[in-house]
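> Just structure_25.pdb, nothing more (PDB, C-alpha atoms):
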```
ATOM      1  CA  MET A   1      62.199 -12.565 -93.210
ATOM      2  CA  THR A   2      65.442 -14.253 -93.989
ATOM      3  CA  GLU A   3      66.919 -12.957 -90.732
ATOM      4  CA  ALA A   4      67.611 -15.607 -88.103
ATOM      5  CA  VAL A   5      64.321 -15.110 -86.296
ATOM      6  CA  SER A   6      62.133 -17.869 -84.900
ATOM      7  CA  PHE A   7      58.409 -17.692 -85.514
ATOM      8  CA  PRO A   8      55.516 -19.625 -84.002
ATOM      9  CA  ASP A   9      54.590 -22.663 -86.072
ATOM     10  CA  PRO A  10      51.760 -21.540 -88.380
ATOM     11  CA  LEU A  11      50.418 -25.099 -88.776
ATOM     12  CA  ARG A  12      47.217 -25.696 -86.801
ATOM     13  CA  GLU A  13      45.042 -28.711 -86.083
ATOM     14  CA  PRO A  14      43.527 -30.594 -87.898
ATOM     15  CA  TRP A  15      45.773 -29.970 -90.918
ATOM     16  CA  ARG A  16      48.912 -31.940 -91.580
ATOM     17  CA  SER A  17      50.371 -29.644 -94.187
ATOM     18  CA  LEU A  18      50.608 -25.886 -94.452
ATOM     19  CA  THR A  19      49.481 -25.972 -98.081
ATOM     20  CA  ARG A  20      46.215 -27.700 -97.139
ATOM     21  CA  GLN A  21      45.713 -25.305 -94.220
ATOM     22  CA  ARG A  22      46.221 -22.336 -96.508
ATOM     23  CA  GLN A  23      43.795 -23.697 -99.090
ATOM     24  CA  ALA A  24      41.165 -24.366 -96.405
ATOM     25  CA  ALA A  25      41.552 -20.888 -94.915
ATOM     26  CA  THR A  26      41.297 -19.259 -98.340
ATOM     27  CA  LEU A  27      38.282 -21.384 -99.254
ATOM     28  CA  GLY A  28      36.560 -20.431 -95.994
ATOM     29  CA  MET A  29      37.263 -16.770 -96.723
ATOM     30  CA  TRP A  30      35.826 -17.109-100.225
ATOM     31  CA  PHE A  31      32.605 -18.538 -98.746
ATOM     32  CA  PHE A  32      32.426 -15.548 -96.419
ATOM     33  CA  LEU A  33      33.087 -13.175 -99.320
ATOM     34  CA  MET A  34      30.326 -14.921-101.255
ATOM     35  CA  SER A  35      27.818 -14.164 -98.484
ATOM     36  CA  GLU A  36      29.044 -10.553 -98.386
ATOM     37  CA  MET A  37      28.598 -10.257-102.133
ATOM     38  CA  LEU A  38      24.994 -11.410-101.807
ATOM     39  CA  PHE A  39      24.440  -8.941 -98.961
ATOM     40  CA  PHE A  40      25.804  -5.981-100.931
ATOM     41  CA  GLY A  41      24.146  -7.323-104.080
ATOM     42  CA  ALA A  42      20.743  -7.051-102.389
ATOM     43  CA  LEU A  43      21.513  -3.423-101.492
ATOM     44  CA  PHE A  44      22.566  -2.610-105.059
ATOM     45  CA  MET A  45      19.441  -4.306-106.353
ATOM     46  CA  ALA A  46      17.154  -2.366-104.008
ATOM     47  CA  PHE A  47      18.895   0.832-105.118
ATOM     48  CA  SER A  48      18.415  -0.046-108.795
ATOM     49  CA  PHE A  49      14.713  -0.825-108.211
ATOM     50  CA  SER A  50      14.143   2.525-106.573
ATOM     51  CA  ARG A  51      16.055   4.317-109.312
ATOM     52  CA  VAL A  52      13.878   2.705-111.980
ATOM     53  CA  LEU A  53      10.754   3.829-110.090
ATOM     54  CA  SER A  54      11.950   7.440-109.468
ATOM     55  CA  PRO A  55      14.618   8.300-112.044
ATOM     56  CA  GLU A  56      14.294  12.112-111.854
ATOM     57  CA  ALA A  57      14.457  12.292-108.078
ATOM     58  CA  PHE A  58      17.453   9.942-108.019
ATOM     59  CA  ALA A  59      19.211  12.058-110.654
ATOM     60  CA  GLU A  60      18.612  15.171-108.577
ATOM     61  CA  GLY A  61      19.900  13.403-105.476
ATOM     62  CA  ALA A  62      22.997  12.095-107.262
ATOM     63  CA  ARG A  63      23.862  15.551-108.622
ATOM     64  CA  HIS A  64      24.392  16.702-105.036
ATOM     65  CA  THR A  65      27.001  14.058-104.251
ATOM     66  CA  GLU A  66      30.619  15.223-103.957
ATOM     67  CA  ILE A  67      32.256  13.426-106.897
ATOM     68  CA  ALA A  68      35.725  14.840-106.100
ATOM     69  CA  TYR A  69      35.682  13.188-102.671
ATOM     70  CA  GLY A  70      34.404   9.959-104.232
ATOM     71  CA  ALA A  71      37.129   9.925-106.888
ATOM     72  CA  ALA A  72      39.875  10.717-104.361
ATOM     73  CA  ASN A  73      38.679   7.894-102.122
ATOM     74  CA  THR A  74      38.597   5.474-105.058
ATOM     75  CA  VAL A  75      42.238   6.268-105.855
ATOM     76  CA  VAL A  76      43.186   5.801-102.183
ATOM     77  CA  LEU A  77      41.411   2.448-101.897
ATOM     78  CA  VAL A  78      42.729   1.081-105.193
ATOM     79  CA  THR A  79      46.245   2.041-104.094
ATOM     80  CA  SER A  80      45.702   0.210-100.801
ATOM     81  CA  SER A  81      44.763  -2.899-102.793
ATOM     82  CA  LEU A  82      48.125  -2.637-104.535
ATOM     83  CA  THR A  83      50.039  -2.308-101.254
ATOM     84  CA  ILE A  84      48.300  -5.287 -99.630
ATOM     85  CA  THR A  85      49.010  -7.399-102.736
ATOM     86  CA  LEU A  86      52.684  -6.462-102.454
ATOM     87  CA  ALA A  87      52.574  -7.253 -98.718
ATOM     88  CA  VAL A  88      51.339 -10.792 -99.434
ATOM     89  CA  ARG A  89      54.002 -11.263-102.102
ATOM     90  CA  ALA A  90      56.694  -9.997 -99.727
ATOM     91  CA  ALA A  91      55.452 -12.468 -97.096
ATOM     92  CA  ASP A  92      55.688 -15.265 -99.668
ATOM     93  CA  LEU A  93      59.348 -14.286-100.131
ATOM     94  CA  LEU A  94      59.811 -14.281 -96.335
ATOM     95  CA  GLN A  95      60.732 -10.574 -96.384
ATOM     96  CA  ARG A  96      59.480  -9.580 -92.945
ATOM     97  CA  LYS A  97      60.350  -5.875 -92.971
ATOM     98  CA  LEU A  98      58.921  -5.278 -96.427
ATOM     99  CA  THR A  99      55.749  -7.134 -95.438
ATOM    100  CA  GLY A 100      55.377  -4.913 -92.398
ATOM    101  CA  VAL A 101      55.976  -1.739 -94.429
ATOM    102  CA  PHE A 102      53.393  -2.628 -97.076
ATOM    103  CA  LEU A 103      50.853  -3.669 -94.432
ATOM    104  CA  ALA A 104      51.384  -0.395 -92.560
ATOM    105  CA  MET A 105      50.911   1.535 -95.824
ATOM    106  CA  THR A 106      47.671  -0.390 -96.428
ATOM    107  CA  ALA A 107      46.319   0.446 -92.987
ATOM    108  CA  GLY A 108      47.398   4.089 -93.432
ATOM    109  CA  LEU A 109      45.563   4.343 -96.735
ATOM    110  CA  GLY A 110      42.486   2.770 -95.130
ATOM    111  CA  VAL A 111      42.572   5.402 -92.394
ATOM    112  CA  LEU A 112      43.055   8.130 -95.040
ATOM    113  CA  PHE A 113      39.930   6.861 -96.818
ATOM    114  CA  LEU A 114      37.928   7.118 -93.597
ATOM    115  CA  ILE A 115      39.236  10.653 -92.949
ATOM    116  CA  ILE A 116      38.261  11.811 -96.455
ATOM    117  CA  LYS A 117      34.877  10.136 -95.970
ATOM    118  CA  GLY A 118      34.488  12.058 -92.725
ATOM    119  CA  PHE A 119      35.088  15.360 -94.546
ATOM    120  CA  GLU A 120      32.584  14.327 -97.202
ATOM    121  CA  TYR A 121      29.969  13.407 -94.583
ATOM    122  CA  ARG A 122      30.489  16.796 -92.915
ATOM    123  CA  ALA A 123      29.944  18.598 -96.241
ATOM    124  CA  ASP A 124      26.800  16.533 -96.856
ATOM    125  CA  LEU A 125      25.419  17.313 -93.407
ATOM    126  CA  GLU A 126      26.136  21.035 -93.833
ATOM    127  CA  GLN A 127      23.999  20.931 -96.988
ATOM    128  CA  HIS A 128      21.196  19.151 -95.090
ATOM    129  CA  LEU A 129      21.456  16.060 -97.273
ATOM    130  CA  PHE A 130      20.356  13.679 -94.549
ATOM    131  CA  PRO A 131      16.806  12.281 -94.904
ATOM    132  CA  GLY A 132      14.421  13.839 -92.436
ATOM    133  CA  ALA A 133      12.548  17.024 -91.610
ATOM    134  CA  ASN A 134      15.341  19.406 -92.692
ATOM    135  CA  PHE A 135      16.177  17.618 -95.927
ATOM    136  CA  ALA A 136      17.399  20.121 -98.556
ATOM    137  CA  LEU A 137      15.915  18.662-101.743
ATOM    138  CA  GLY A 138      12.291  18.860-102.758
ATOM    139  CA  HIS A 139      11.600  15.335-104.035
ATOM    140  CA  ASN A 140      10.577  12.797-101.430
ATOM    141  CA  ALA A 141      12.219  10.105-103.568
ATOM    142  CA  ALA A 142      15.487  12.059-103.372
ATOM    143  CA  GLN A 143      15.385  11.235 -99.675
ATOM    144  CA  ILE A 144      15.345   7.562-100.660
ATOM    145  CA  PHE A 145      18.495   8.116-102.746
ATOM    146  CA  TRP A 146      20.208   9.750 -99.808
ATOM    147  CA  ALA A 147      19.001   7.031 -97.438
ATOM    148  CA  PHE A 148      20.700   4.510 -99.738
ATOM    149  CA  TYR A 149      23.805   6.738 -99.901
ATOM    150  CA  TRP A 150      24.178   6.894 -96.126
ATOM    151  CA  ALA A 151      23.371   3.208 -95.618
ATOM    152  CA  MET A 152      25.653   1.870 -98.355
ATOM    153  CA  THR A 153      28.626   4.147 -97.688
ATOM    154  CA  GLY A 154      28.165   3.683 -93.928
ATOM    155  CA  ILE A 155      28.147  -0.129 -94.167
ATOM    156  CA  HIS A 156      31.164   0.067 -96.456
ATOM    157  CA  ALA A 157      33.002   2.311 -93.981
ATOM    158  CA  ILE A 158      32.285  -0.171 -91.160
ATOM    159  CA  HIS A 159      33.715  -2.985 -93.306
ATOM    160  CA  LEU A 160      36.782  -0.881 -94.052
ATOM    161  CA  ALA A 161      37.282  -0.020 -90.374
ATOM    162  CA  ILE A 162      37.229  -3.771 -89.591
ATOM    163  CA  GLY A 163      39.779  -4.291 -92.393
ATOM    164  CA  VAL A 164      42.039  -1.590 -90.950
ATOM    165  CA  ALA A 165      41.866  -3.293 -87.547
ATOM    166  CA  LEU A 166      42.765  -6.678 -89.098
ATOM    167  CA  VAL A 167      45.726  -5.218 -91.001
ATOM    168  CA  LEU A 168      46.973  -3.251 -87.970
ATOM    169  CA  ARG A 169      46.888  -6.497 -85.983
ATOM    170  CA  LEU A 170      49.033  -8.138 -88.658
ATOM    171  CA  VAL A 171      51.457  -5.182 -88.587
ATOM    172  CA  TRP A 172      51.791  -5.595 -84.834
ATOM    173  CA  LEU A 173      52.331  -9.368 -85.127
ATOM    174  CA  VAL A 174      54.942  -8.924 -87.880
ATOM    175  CA  ARG A 175      56.858  -6.247 -85.953
ATOM    176  CA  ARG A 176      56.949  -8.480 -82.856
ATOM    177  CA  ASN A 177      57.929 -11.588 -84.857
ATOM    178  CA  ARG A 178      54.806 -13.294 -83.552
ATOM    179  CA  ILE A 179      53.547 -14.533 -86.889
ATOM    180  CA  SER A 180      55.192 -16.705 -89.490
ATOM    181  CA  PRO A 181      55.316 -15.241 -92.993
ATOM    182  CA  ARG A 182      53.943 -18.616 -94.101
ATOM    183  CA  SER A 183      50.761 -18.019 -92.123
ATOM    184  CA  PRO A 184      47.582 -17.975 -94.240
ATOM    185  CA  GLN A 185      46.411 -14.880 -92.333
ATOM    186  CA  PHE A 186      48.104 -12.553 -94.847
ATOM    187  CA  GLU A 187      46.257 -14.085 -97.781
ATOM    188  CA  VAL A 188      42.934 -14.154 -95.929
ATOM    189  CA  ALA A 189      43.223 -10.518 -94.784
ATOM    190  CA  SER A 190      44.152  -9.423 -98.308
ATOM    191  CA  LEU A 191      41.084 -11.179 -99.746
ATOM    192  CA  TYR A 192      38.851  -9.307 -97.313
ATOM    193  CA  TRP A 193      40.574  -6.038 -98.174
ATOM    194  CA  HIS A 194      40.157  -6.594-101.899
ATOM    195  CA  LEU A 195      36.456  -7.287-101.376
ATOM    196  CA  VAL A 196      36.004  -3.966 -99.572
ATOM    197  CA  ASP A 197      37.837  -2.274-102.451
ATOM    198  CA  ALA A 198      35.678  -4.083-105.035
ATOM    199  CA  PHE A 199      32.497  -2.873-103.342
ATOM    200  CA  TRP A 200      33.732   0.706-103.495
ATOM    201  CA  ILE A 201      34.626   0.340-107.177
ATOM    202  CA  VAL A 202      30.935  -0.461-107.769
ATOM    203  CA  LEU A 203      29.600   2.096-105.263
ATOM    204  CA  PHE A 204      31.516   4.974-106.855
ATOM    205  CA  PRO A 205      29.833   4.885-110.284
ATOM    206  CA  VAL A 206      26.470   3.797-108.847
ATOM    207  CA  LEU A 207      26.132   6.637-106.323
ATOM    208  CA  TYR A 208      28.272   9.427-107.789
ATOM    209  CA  VAL A 209      27.991   8.978-111.557
ATOM    210  CA  ALA A 210      25.228   6.732-112.876
ATOM    211  CA  GLY A 211      22.473   8.460-110.936
ATOM    212  CA  ARG A 212      23.199  11.842-112.506
ATOM    213  CA  GLY A 213      22.025  10.874-115.971
TER     214      GLY A 213
ATOM    215  CA  MET B   1      62.914 -18.537-100.480
ATOM    216  CA  SER B   2      65.738 -16.119-100.051
ATOM    217  CA  LYS B   3      66.427 -12.423-100.236
ATOM    218  CA  SER B   4      67.714 -12.937-103.749
ATOM    219  CA  SER B   5      64.164 -13.677-104.973
ATOM    220  CA  PRO B   6      62.898 -10.345-106.293
ATOM    221  CA  LEU B   7      59.476  -9.051-105.416
ATOM    222  CA  ALA B   8      57.205  -9.503-108.452
ATOM    223  CA  TRP B   9      55.763  -5.998-108.459
ATOM    224  CA  ARG B  10      55.312  -5.289-112.175
ATOM    225  CA  GLY B  11      52.040  -7.181-112.685
ATOM    226  CA  PRO B  12      50.240  -5.617-109.691
ATOM    227  CA  VAL B  13      51.563  -2.139-110.537
ATOM    228  CA  PHE B  14      50.390  -2.410-114.156
ATOM    229  CA  SER B  15      46.949  -3.549-112.931
ATOM    230  CA  TRP B  16      46.875  -0.648-110.469
ATOM    231  CA  VAL B  17      47.687   1.859-113.231
ATOM    232  CA  ALA B  18      44.979   0.343-115.452
ATOM    233  CA  ILE B  19      42.416   0.651-112.647
ATOM    234  CA  LEU B  20      43.475   4.274-112.040
ATOM    235  CA  PHE B  21      42.780   5.021-115.711
ATOM    236  CA  GLY B  22      39.344   3.509-115.132
ATOM    237  CA  VAL B  23      38.769   5.763-112.111
ATOM    238  CA  GLY B  24      39.750   8.766-114.245
ATOM    239  CA  ALA B  25      37.385   7.706-117.020
ATOM    240  CA  VAL B  26      34.448   7.181-114.635
ATOM    241  CA  THR B  27      35.088  10.569-112.991
ATOM    242  CA  TRP B  28      35.290  12.255-116.401
ATOM    243  CA  ILE B  29      31.980  10.681-117.414
ATOM    244  CA  GLY B  30      30.412  11.835-114.141
ATOM    245  CA  ALA B  31      31.645  15.405-114.585
ATOM    246  CA  ARG B  32      30.098  15.685-118.064
ATOM    247  CA  GLU B  33      26.536  16.748-118.811
ATOM    248  CA  PRO B  34      24.064  13.936-118.192
ATOM    249  CA  GLY B  35      23.461  11.725-121.201
ATOM    250  CA  GLY B  36      21.711   8.518-122.124
ATOM    251  CA  PHE B  37      24.810   6.334-122.003
ATOM    252  CA  GLN B  38      26.358   7.888-118.901
ATOM    253  CA  ALA B  39      25.190   5.172-116.509
ATOM    254  CA  ALA B  40      25.905   2.300-118.901
ATOM    255  CA  ALA B  41      29.400   3.580-119.732
ATOM    256  CA  ALA B  42      30.292   4.151-116.060
ATOM    257  CA  MET B  43      29.103   0.669-115.079
ATOM    258  CA  ALA B  44      30.926  -0.958-118.010
ATOM    259  CA  ILE B  45      34.188   0.703-116.965
ATOM    260  CA  ALA B  46      33.549  -0.318-113.344
ATOM    261  CA  ALA B  47      33.067  -3.934-114.493
ATOM    262  CA  ALA B  48      36.393  -3.781-116.377
ATOM    263  CA  MET B  49      38.041  -2.366-113.237
ATOM    264  CA  LEU B  50      36.636  -5.244-111.173
ATOM    265  CA  VAL B  51      37.967  -7.837-113.608
ATOM    266  CA  THR B  52      41.403  -6.149-113.529
ATOM    267  CA  LEU B  53      41.293  -6.155-109.721
ATOM    268  CA  ALA B  54      40.242  -9.816-109.570
ATOM    269  CA  PHE B  55      42.899 -11.109-111.955
ATOM    270  CA  GLY B  56      45.681  -8.524-111.536
ATOM    271  CA  LEU B  57      45.668  -7.910-107.780
ATOM    272  CA  VAL B  58      43.624 -10.687-106.135
ATOM    273  CA  GLY B  59      45.148 -13.270-108.466
ATOM    274  CA  VAL B  60      41.979 -15.320-108.933
ATOM    275  CA  GLY B  61      43.545 -17.062-111.915
ATOM    276  CA  ARG B  62      46.410 -18.404-109.788
ATOM    277  CA  ASN B  63      44.082 -20.020-107.235
ATOM    278  CA  PRO B  64      43.218 -23.748-107.217
ATOM    279  CA  ALA B  65      40.250 -24.845-109.316
ATOM    280  CA  LEU B  66      37.976 -25.265-106.268
ATOM    281  CA  LEU B  67      38.481 -21.642-105.231
ATOM    282  CA  ARG B  68      37.844 -20.423-108.752
ATOM    283  CA  LEU B  69      34.640 -22.471-108.737
ATOM    284  CA  VAL B  70      33.459 -20.895-105.461
ATOM    285  CA  ALA B  71      34.292 -17.397-106.705
ATOM    286  CA  GLY B  72      32.520 -18.059-109.996
ATOM    287  CA  THR B  73      29.487 -19.439-108.162
ATOM    288  CA  ALA B  74      29.259 -16.257-106.095
ATOM    289  CA  PHE B  75      29.046 -14.168-109.260
ATOM    290  CA  LEU B  76      26.548 -16.623-110.770
ATOM    291  CA  PHE B  77      24.258 -16.349-107.710
ATOM    292  CA  LEU B  78      24.546 -12.578-107.857
ATOM    293  CA  ALA B  79      23.670 -12.522-111.556
ATOM    294  CA  LEU B  80      20.693 -14.857-110.975
ATOM    295  CA  MET B  81      19.447 -12.655-108.134
ATOM    296  CA  PHE B  82      19.588  -9.555-110.328
ATOM    297  CA  LEU B  83      18.009 -11.345-113.284
ATOM    298  CA  LEU B  84      15.078 -12.782-111.338
ATOM    299  CA  SER B  85      14.444  -9.574-109.422
ATOM    300  CA  PHE B  86      14.505  -7.341-112.480
ATOM    301  CA  THR B  87      12.253  -9.750-114.351
ATOM    302  CA  ASP B  88       9.839  -9.420-111.454
ATOM    303  CA  LEU B  89      10.138  -5.623-111.523
ATOM    304  CA  MET B  90       9.487  -5.448-115.269
ATOM    305  CA  THR B  91       6.289  -7.478-114.944
ATOM    306  CA  ARG B  92       5.059  -5.182-112.150
ATOM    307  CA  LEU B  93       5.792  -1.997-114.125
ATOM    308  CA  ARG B  94       3.498  -3.215-116.905
TER     309      ARG B  94
END
```
I need this file expressed as structure tokens, please.


Amino acid sequence: MTEAVSFPDPLREPWRSLTRQRQAATLGMWFFLMSEMLFFGALFMAFSFSRVLSPEAFAEGARHTEIAYGAANTVVLVTSSLTITLAVRAADLLQRKLTGVFLAMTAGLGVLFLIIKGFEYRADLEQHLFPGANFALGHNAAQIFWAFYWAMTGIHAIHLAIGVALVLRLVWLVRRNRISPRSPQFEVASLYWHLVDAFWIVLFPVLYVAGRG
Amino acid sequence: MSKSSPLAWRGPVFSWVAILFGVGAVTWIGAREPGGFQAAAAMAIAAAMLVTLAFGLVGVGRNPALLRLVAGTAFLFLALMFLLSFTDLMTRLR
């Protein structure tokens, strides 16, 4: 972003300095992330409770998850965390094109995750692993495992889709020179993205690995 | 800020590689026959991956003290929630 391009002033009311504005925006995002952590934490806790009460059924349910899809998606999401970190660092150096490239890669990896998830969901549905009348496994408690699976991965996918939309918006703004590289939006979006990645890093062992034992 | 300032990519890339090793380890554990320590080992590796993500990619350590406090408080609340709830569960199981 060292080219002679004029950007809109990133400083907004009521702040008098960009540093303070950035700190306030990041702090606000951390408070939001905190509430999200408690929300997902309650889900993880409910899952753990149910697993303690029905360990065999949960193990049977977990053995039917597609660990290859889960592992592939973990690699994709972790890589997207790397690209968004590099995007923020490129923005700090005022390198507009590089920022745009890394942001586009991040959004692309997010979309790739959702596509792989779609294939996984299709495989699950073909095996009748959705709780209900045609459920494939014998244990009733296995249905509870799969209810958690669909709820937790579904909520995560919604969060990721929102993240993709946020990053694509930033890509568009960067390409059109409508955002200053000094804007706190890059940092805030990256924090949200990292949170979505962190949730998946916990979901992967909880749903695909730990339940099998 | 000029083009001459190089992009500091080494730290994030090293963290990314470390997390990928973690993903490989968790997958390997999951592909093995079920055992007593399978869940504990997978969750321990996941915790290490989270710490690497927080410090290597998010850069929690580089944030101002107030932000570190808020982030730490979030984890404290989460730990308290788990502790209290599991204490409650243990008393009910007896």

> Report as number ranges by chain the full result of the ChimeraX specification (/B :<8) & /A when it is applied to this structure.

A: 2, 26-27, 30-31, 34, 37-38, 41, 45, 49, 67, 71, 74-75, 78-79, 81-82, 85-86, 89-90, 92-95, 190-191, 194, 198, 201-202, 205-206, 208-213

> Take atom CA of Leu103 of chain A and atom CA of Ala189 of chain A and report the distance between them in Å, one decimal.

10.3 Å

> Check what the PyMOL selection byres ((chain A and resi 105) around 12) selects in the file above and give those residues as a ChimeraX atom specification.

/A:76-77,79-87,98-104,106-112,164,167-168,171

> Within 8 Å of segment 8-25 of chain A, counting all atoms listed in the file, which residues qualify if same-chain residues fewer than 3 places away don't, as a tab-separated table (two decimals) with C-alpha atoms, in the coordinates of the input?


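As written to disk, selection02.tsv reads:
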```tsv
chain	number	residue	atom	x	y	z
A	28	GLY	CA	36.56	-20.43	-95.99
A	29	MET	CA	37.26	-16.77	-96.72
A	178	ARG	CA	54.81	-13.29	-83.55
A	179	ILE	CA	53.55	-14.53	-86.89
A	180	SER	CA	55.19	-16.70	-89.49
A	182	ARG	CA	53.94	-18.62	-94.10
A	183	SER	CA	50.76	-18.02	-92.12
A	184	PRO	CA	47.58	-17.98	-94.24
A	188	VAL	CA	42.93	-14.15	-95.93
```

> Just how far from atom CA of Trp146 of chain A is atom CA of Tyr121 of chain A, in Å to one decimal?

11.7 Å

> Take atom CA of Asn134 of chain A and atom CA of Phe113 of chain A and report the distance between them in Å, one decimal.

27.9 Å

> Show which residues sit within 12 Å of Ile158 of chain A, as a list of chain:residue names. Count only C-alpha atoms, and ignore same-chain residues fewer than 4 positions away.

A:Gly110, A:Val111, A:Phe113, A:Leu114, A:Lys117, A:Trp150, A:Ala151, A:Met152, A:Thr153, A:Gly154, A:Ile162, A:Gly163, A:Val164, A:Ala165, A:Val196

> If we count only C-alpha atoms and set the cut-off at 10 Å, which residues sit around Phe148 of chain A, ignoring sequence neighbours fewer than 6 positions away in its own chain? Please answer as a PyMOL selection string.

chain A and resi 43-44+46-47+50+131+142+154+207

> Box along x, y and z, 6 Å on every side, all listed atoms of segment 3-12 of chain B inside: centre and edge lengths in Å to one decimal, as AutoDock Vina command-line options.


```
--center_x 59.0 --center_y -9.5 --center_z -106.5 --size_x 29.5 --size_y 20.4 --size_z 24.4
```

> Can I get segment 6-18 of chain A with N, CA and C atoms filled in, as a PDB file, keeping the file's coordinate frame?


```pdb
ATOM      1  N   SER A   6      63.035 -16.721 -85.000  1.00  0.00           N
ATOM      2  CA  SER A   6      62.133 -17.869 -84.900  1.00  0.00           C
ATOM      3  C   SER A   6      60.699 -17.374 -84.787  1.00  0.00           C
ATOM      4  N   PHE A   7      59.821 -18.058 -85.506  1.00  0.00           N
ATOM      5  CA  PHE A   7      58.409 -17.692 -85.514  1.00  0.00           C
ATOM      6  C   PHE A   7      57.599 -18.830 -84.927  1.00  0.00           C
ATOM      7  N   PRO A   8      56.398 -18.531 -84.420  1.00  0.00           N
ATOM      8  CA  PRO A   8      55.516 -19.625 -84.002  1.00  0.00           C
ATOM      9  C   PRO A   8      55.142 -20.475 -85.217  1.00  0.00           C
ATOM     10  N   ASP A   9      54.962 -21.756 -84.978  1.00  0.00           N
ATOM     11  CA  ASP A   9      54.590 -22.663 -86.072  1.00  0.00           C
ATOM     12  C   ASP A   9      53.201 -22.278 -86.592  1.00  0.00           C
ATOM     13  N   PRO A  10      53.080 -21.954 -87.867  1.00  0.00           N
ATOM     14  CA  PRO A  10      51.760 -21.540 -88.380  1.00  0.00           C
ATOM     15  C   PRO A  10      50.785 -22.697 -88.560  1.00  0.00           C
ATOM     16  N   LEU A  11      51.282 -23.940 -88.516  1.00  0.00           N
ATOM     17  CA  LEU A  11      50.418 -25.099 -88.776  1.00  0.00           C
ATOM     18  C   LEU A  11      49.502 -25.352 -87.576  1.00  0.00           C
ATOM     19  N   ARG A  12      48.209 -25.480 -87.860  1.00  0.00           N
ATOM     20  CA  ARG A  12      47.217 -25.696 -86.801  1.00  0.00           C
ATOM     21  C   ARG A  12      46.484 -27.017 -87.037  1.00  0.00           C
ATOM     22  N   GLU A  13      45.922 -27.549 -85.952  1.00  0.00           N
ATOM     23  CA  GLU A  13      45.042 -28.711 -86.083  1.00  0.00           C
ATOM     24  C   GLU A  13      43.828 -28.320 -86.906  1.00  0.00           C
ATOM     25  N   PRO A  14      43.246 -29.174 -87.693  1.00  0.00           N
ATOM     26  CA  PRO A  14      43.527 -30.594 -87.898  1.00  0.00           C
ATOM     27  C   PRO A  14      44.405 -30.841 -89.129  1.00  0.00           C
ATOM     28  N   TRP A  15      45.050 -29.786 -89.672  1.00  0.00           N
ATOM     29  CA  TRP A  15      45.773 -29.970 -90.918  1.00  0.00           C
ATOM     30  C   TRP A  15      47.150 -30.572 -90.686  1.00  0.00           C
ATOM     31  N   ARG A  16      47.586 -31.326 -91.677  1.00  0.00           N
ATOM     32  CA  ARG A  16      48.912 -31.940 -91.580  1.00  0.00           C
ATOM     33  C   ARG A  16      49.919 -31.232 -92.451  1.00  0.00           C
ATOM     34  N   SER A  17      49.435 -30.404 -93.366  1.00  0.00           N
ATOM     35  CA  SER A  17      50.371 -29.644 -94.187  1.00  0.00           C
ATOM     36  C   SER A  17      49.913 -28.193 -94.274  1.00  0.00           C
ATOM     37  N   LEU A  18      50.894 -27.314 -94.396  1.00  0.00           N
ATOM     38  CA  LEU A  18      50.608 -25.886 -94.452  1.00  0.00           C
ATOM     39  C   LEU A  18      49.850 -25.516 -95.733  1.00  0.00           C
TER      40      LEU A  18
END
```
